[in-house]
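Chemist: Below is the structure I would like to discuss, written out as structure tokens.
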Amino acid sequence: MRLEGSGSSLELTDNARVAVMGGGPAGSMTAYFMLEMAKQVGIRLQIDIYEPRSFHLTGPRGCNFCGGIISESLVEMLAAEGLQLPQEVIIDTINTYTLHTKVGSVPIQSPKDEMRIAGIFRGGGPKGAESQRPLPWDSFDWFLLQRACAQGARHVPHRITDLSWSAGRPVVTSRGGGGGTYDFLVAATGLNGGSMEVLGHLNFGYKPPKTTKAYVAELYYGNEQVEKLLGDSMHVFLLDIPGLKFVALTPKRHYATLIILGDDINRDMIVRVFKSPQVQALFPLGWDIPVHPCQCYPHINIGMSSGKLFTDRVVVVGDCGVSRLYKDGIGAAYRTAKACAVTAVTHGVSAADFRQYYHPVCRKMSLDNDVGHILFAIDGVSSRFDFLREGMLDTVRREQRYPHRRHSLSAALWDTFTGSASYADIFMRTFNPLIMSHYLWASFKALGRRIGRRLMLRPEEKER
Amino acid sequence: MLFKDDTKKSQGTLGSHYRPGEVIIRQGDPPGDIYVVLEGRVEVMLQKSDGSSPKRMTILEKDDLFGEVSIFDHLPRTASVYAIEDTRVLTLDQKGFVQHIQEDPSMALRLLKQIGRRTRRLNGELLRLYELLDEHDIPVPASPEAEKDADR
Ligand SMILES: Cc1cc2nc3c(=O)[nH]c(=O)nc-3n(C[C@H](O)[C@H](O)[C@H](O)COP(=O)(O)OP(=O)(O)OC[C@H]3O[C@@H](n4cnc5c(N)ncnc54)[C@H](O)[C@@H]3O)c2cc1C
């Protein structure tokens with residue numbers, strides 16, 4: 001076990017060497033912000049980003065497995081940071097969420113009348129798309145990596161195969177080229193590259209975060225069917241399938257991205273989702289289970305690592321450390337990247353620096369996820385009572401006459417799906433007495449209607 | 001052909017679209033959100049209370065932020081902003097943005113950088129104005145703020 005420094009700050013000085021392990025959003029953004037800040041404080045950094053994946057390849061080889069939704073808050077932050085998404089990277093835009101349940105559907109409009117959510121492909125796009133090169137889009141991860149390189153980072157297109165220490169500094173071993181001793185190492189390997197074990201070689205107490213298996217599929221609809229069936233809306237399904245949290249179907253120009261989140265998604269759950277009447281209604285006519293879509297079962301972060309996320313000269317950012325529960329993972333990568341960059345450049349790279357300036361950001365996210373778990377548990381219980389679902393839909397329908405109100409169930413649901421607010425904020429707003437009274441009253445009326453209908457039924461119909 | 005007809009209406013465009021001459025912010029309106037120019041150009045126009053014709057203060061382009069003054073002083077909008085050409089702007093929610101600055105104060109640096117750039121440009125323009133007044137032997141009028149300071 002390596003001992004940490006006594007708290008004296010280890011500062012990055014001119015020409016300090018930095019290795020970034022992984023050029024996904026967390027790694028590229030950390031490099032980008034470190035270089036931007038280094039310019040502001042007048043130091044030069046030599047940053048190497050190790051990333052073996054070719055993001056312009058189609059299918060799983062070029063992709064970092066994700067739904068590809070850039071949340072409202074991240075779209076805002078990237079624009080404010082001067083990291084505006086170029087036209088070629090935005091595959092589609094969304095301004096509505098449509099909520100589908102067993103008892104009906106309701107659209108929720110964006111509280112601001114504009115396109116504020118982007119759909120992107122992390123890599124070169126779905127498997128099969130390569131049959132029509134040149135592709136009409138660019139990869140999101142490639143865009144971020146290029147922006148980091150434009151700031152002065154160097155892309156080393158190789159995988160890091162081992163990590164060790166030499167005289168208190170991290171040593172990188174890479175297959176194919178690069179490698180050596182660095183002043184600072186940023187680990188941004190994500191969860192799906194099988195590299196968390198390599199991180200363990202540094203022996204500073206790192207433990208992988210809690211994860212569960214999810215499902216993503218890119219379904220080819222064709223442009224017309226996407227417009228006709230999905231429009232500019234992301235379709236969220238709250239289905240009564242044990243272990244399922246939610247399902248989302250997102251328009252991506254010619255494709256629809258299907259995401260299934262829950263407790264260890266398996267084949268049986270996927271078949272039940274595909275066969276549910278709500279999902280079927282949004283499939284092109286005659287579809288059953290689409291054969292051979294571009295699909296994957298990636299791991300998703302559902303709880304911060306119980307081990308250490310930093311030591312002297314090493315820090316863990318993005319998914320392999322902490323993320324936001326079931327939403328805005330790339331936004332979480334942005335937050336940890338930014339906090340890491342600010343700490344490393346303006347304070348130092350000792351464990352004490354990270355404890356003081358970086359850890360609170362991770363901790364806050366993790367605590368917020370605890371509130372998120374409570375909200376999902378409440379939703380799990382309410383999903384068993386149709387009258388509560390009906391009450392929710394009725395409340396939202398009523399509120400949609402005034403979609404700009406912040407204090408409404410619609411706004412809380414919008415923020416839950418878009419990741420625009422913290423779970424704590426959503427919790428406080430949802431359990432606001434006014435909203436609750438509207439919701440409970442609508443549910444009470446729905447219950448009344450149900451009892452009324454039941455009383456009107458003849459005995460033999462009741463038994464059915 | 002997998003990707004025929006690749007030109008759907010608003011596909012791939014974020015933010016709100018404004019045509020040339022359309023107003024985005026109106027002088028005197030209550031303070032509110034901040035905006036980023038995603039595409040196109042906008043002009044910032046200032047009108048004196050005497051009703052004289054508005055004067056163009058500056059032109060803003062892609063990546064420029066505007067409307068940010070109101071998050072500092074909470075006073076009504078100090079100028080109007082119009083699109084000069086087909087323009088797209090993204091609205092940054094005022095409350096969310098202020099919250100974010102509190103979590104990540106380095107975000108404020110970008111605002112300060114932009115305000116600094118504008119101050120430099122204004123100083124340059126002020127200097128040119130003084131030179132012009134000098135050329136025509138017109139005395140430089142004291143600003144109301146400077147008079148107030150002198151009284152104190
Ligand atoms: C089903 C699913 C749907 C999701 N949907 C969304 C969504 O719609 N929106 C959203 O914001 N988030 C979403 N997420 C979360 C999002 O994918 C992650 O939060 C985000 O990718 C984290 O970024 P990262 O850079 O930490 O990790 P990653 O994106 O995983 O990047 C890690 C990088 O490290 C590289 N790497 C790994 N090992 C090594 C090594 N040894 N040497 C060098 N490089 C290495 C990999 O090649 C990879 O490029 C989803 C996740 C899942 C599982």
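Identifiers for the structure tokens are assigned positionally: chains receive A, B, ... in sequence, residues are indexed from 1 per chain, and ligands are indexed from 1 in the order shown.
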Neighbouring residues of ligand 1 are defined here as those with any atom at most 7 Å from a ligand atom, counting only C-alpha atoms and all ligand atoms; list them as a ChimeraX atom specification.

Modeler: /A:21-27,50-53,64-71,158-161,188-195,214-216,259-261,298-300,317-320,323,327-333

Chemist: Could you make a table, as JSON lines, of the residues of chain A that have an atom within 8 Å of an atom of chain B, each with its nearest atom pair and distance in Å to one decimal, counting only C-alpha atoms, in chain and number order?

Modeler:
{"residue": "A:Glu76", "atom": "CA", "partner": "B:Leu92", "partner_atom": "CA", "distance": 5.8}
{"residue": "A:Ala79", "atom": "CA", "partner": "B:Val36", "partner_atom": "CA", "distance": 6.8}
{"residue": "A:Ala80", "atom": "CA", "partner": "B:Val36", "partner_atom": "CA", "distance": 6.9}
{"residue": "A:Glu81", "atom": "CA", "partner": "B:Arg110", "partner_atom": "CA", "distance": 7.2}
{"residue": "A:Gly82", "atom": "CA", "partner": "B:Asp63", "partner_atom": "CA", "distance": 5.9}
{"residue": "A:Gln84", "atom": "CA", "partner": "B:Leu38", "partner_atom": "CA", "distance": 7.4}
{"residue": "A:Gln87", "atom": "CA", "partner": "B:Gly12", "partner_atom": "CA", "distance": 6.2}
{"residue": "A:Glu88", "atom": "CA", "partner": "B:Gly12", "partner_atom": "CA", "distance": 7.9}
{"residue": "A:Ile90", "atom": "CA", "partner": "B:Gly12", "partner_atom": "CA", "distance": 5.0}
{"residue": "A:Ile91", "atom": "CA", "partner": "B:Gly12", "partner_atom": "CA", "distance": 5.5}
{"residue": "A:Asp92", "atom": "CA", "partner": "B:Gly12", "partner_atom": "CA", "distance": 4.6}
{"residue": "A:Thr93", "atom": "CA", "partner": "B:Gly12", "partner_atom": "CA", "distance": 5.5}
{"residue": "A:Asp113", "atom": "CA", "partner": "B:Ser16", "partner_atom": "CA", "distance": 7.7}
{"residue": "A:Glu114", "atom": "CA", "partner": "B:Ser16", "partner_atom": "CA", "distance": 5.2}
{"residue": "A:Met115", "atom": "CA", "partner": "B:Leu14", "partner_atom": "CA", "distance": 4.8}
{"residue": "A:Arg116", "atom": "CA", "partner": "B:Leu14", "partner_atom": "CA", "distance": 5.7}
{"residue": "A:Ile117", "atom": "CA", "partner": "B:Leu14", "partner_atom": "CA", "distance": 7.3}
{"residue": "A:Ala118", "atom": "CA", "partner": "B:Leu14", "partner_atom": "CA", "distance": 7.3}
{"residue": "A:Ala129", "atom": "CA", "partner": "B:Leu2", "partner_atom": "CA", "distance": 7.4}
{"residue": "A:Gln132", "atom": "CA", "partner": "B:Leu2", "partner_atom": "CA", "distance": 7.0}
{"residue": "A:Gly222", "atom": "CA", "partner": "B:Leu2", "partner_atom": "CA", "distance": 7.1}
{"residue": "A:Asn223", "atom": "CA", "partner": "B:Asp5", "partner_atom": "CA", "distance": 7.3}
{"residue": "A:Arg253", "atom": "CA", "partner": "B:Gln11", "partner_atom": "CA", "distance": 7.5}
{"residue": "A:His254", "atom": "CA", "partner": "B:Phe3", "partner_atom": "CA", "distance": 6.7}
{"residue": "A:Ala339", "atom": "CA", "partner": "B:Asp104", "partner_atom": "CA", "distance": 7.6}
{"residue": "A:Val342", "atom": "CA", "partner": "B:Ser106", "partner_atom": "CA", "distance": 7.6}

Chemist: From chain B, collect each residue whose DSSP state is strand (DSSP E) and return the set as an MDAnalysis selection string.

Modeler: chainID B and resid 16:18 23:25 34:39 42:46 55:60 65:66 80:83 87:92

Chemist: I'd like the contact shell of Arg398 (chain A) - 10 Å cut-off, only C-alpha atoms, skipping same-chain residues fewer than 4 positions apart - returned as a PyMOL selection string.

Modeler: chain A and resi 393-394+402-403+410+438+442

Chemist: Would you list, as a PyMOL selection string, the residues of region 9-124 of chain B that end up in helix (DSSP H, G or I) under DSSP run on this structure's backbone?

Modeler: chain B and resi 69-73+94-103+106-124

Chemist: Taking only C-alpha atoms into account, name the residue in B:Pro139, B:Pro76, B:Gly40, B:Gly67 that is nearest to Tyr18 (chain B).

Modeler: B:Gly40

Chemist: Got a sec: who's within 8 Å of Val23 (chain B), counting only C-alpha atoms, leaving out chain neighbours fewer than 4 positions off, as a PDB file with C-alpha atoms, in the first residue's frame?

Modeler:
ATOM      1  CA  TYR B  18     -34.380  34.603 -35.155  1.00  0.00           C
ATOM      2  CA  SER B  80     -31.916  45.835 -26.863  1.00  0.00           C
ATOM      3  CA  VAL B  81     -30.482  42.996 -28.911  1.00  0.00           C
ATOM      4  CA  TYR B  82     -31.609  42.308 -32.500  1.00  0.00           C
ATOM      5  CA  ALA B  83     -30.636  39.606 -34.963  1.00  0.00           C
TER       6      ALA B  83
END

Chemist: Near Leu202 (chain A), within 12 Å and counting only C-alpha atoms, which residues show up once chain neighbours fewer than 3 positions away are dropped, as a count of residues only?

Modeler: 31

Chemist: Could you state the separation of CA of Val226 (chain A) and CA of Met77 (chain A) in Å, given to one decimal place?

Modeler: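 It comes out at 28.5 Å.
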
Chemist: Tell me which protein, DNA and RNA residues are within 12 Å of Lys55 (chain B), counting only C-alpha atoms, leaving out same-chain ones fewer than 6 positions away, and put them as a JSON list (two decimals) with N, CA, C and O atoms, in the first residue's frame.

Modeler:
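What ended up in around16.json:
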[["chain", "number", "residue", "atom", "x", "y", "z"],
["B", 43, "GLU", "N", -26.97, 42.53, -33.01],
["B", 43, "GLU", "CA", -26.45, 43.87, -32.66],
["B", 43, "GLU", "C", -27.06, 44.32, -31.35],
["B", 43, "GLU", "O", -28.22, 44.04, -31.07],
["B", 44, "VAL", "N", -26.24, 45.00, -30.55],
["B", 44, "VAL", "CA", -26.70, 45.52, -29.27],
["B", 44, "VAL", "C", -27.00, 47.00, -29.46],
["B", 44, "VAL", "O", -26.12, 47.76, -29.89],
["B", 45, "MET", "N", -28.25, 47.40, -29.24],
["B", 45, "MET", "CA", -28.67, 48.78, -29.53],
["B", 45, "MET", "C", -29.10, 49.47, -28.23],
["B", 45, "MET", "O", -29.81, 48.88, -27.42],
["B", 46, "LEU", "N", -28.69, 50.72, -28.10],
["B", 46, "LEU", "CA", -29.02, 51.48, -26.90],
["B", 46, "LEU", "C", -29.84, 52.70, -27.30],
["B", 46, "LEU", "O", -29.48, 53.40, -28.25],
["B", 47, "GLN", "N", -30.91, 52.94, -26.57],
["B", 47, "GLN", "CA", -31.74, 54.10, -26.88],
["B", 47, "GLN", "C", -31.83, 55.00, -25.66],
["B", 47, "GLN", "O", -32.06, 54.50, -24.55],
["B", 48, "LYS", "N", -31.63, 56.31, -25.89],
["B", 48, "LYS", "CA", -31.74, 57.24, -24.75],
["B", 48, "LYS", "C", -33.22, 57.46, -24.44],
["B", 48, "LYS", "O", -34.07, 57.26, -25.29],
["B", 79, "ALA", "N", -29.97, 47.29, -22.68],
["B", 79, "ALA", "CA", -29.94, 47.54, -24.12],
["B", 79, "ALA", "C", -30.85, 46.53, -24.81],
["B", 79, "ALA", "O", -31.24, 45.53, -24.21],
["B", 80, "SER", "N", -31.15, 46.82, -26.07],
["B", 80, "SER", "CA", -31.92, 45.84, -26.86],
["B", 80, "SER", "C", -30.94, 45.05, -27.71],
["B", 80, "SER", "O", -29.87, 45.55, -28.07],
["B", 81, "VAL", "N", -31.33, 43.81, -28.04],
["B", 81, "VAL", "CA", -30.48, 43.00, -28.91],
["B", 81, "VAL", "C", -31.35, 42.48, -30.06],
["B", 81, "VAL", "O", -32.41, 41.90, -29.83]]

Chemist: Quick check, in Å to one decimal: how far apart do CA of Leu112 (chain B) and CA of Lys338 (chain A) lie?

Modeler: 17.9 Å
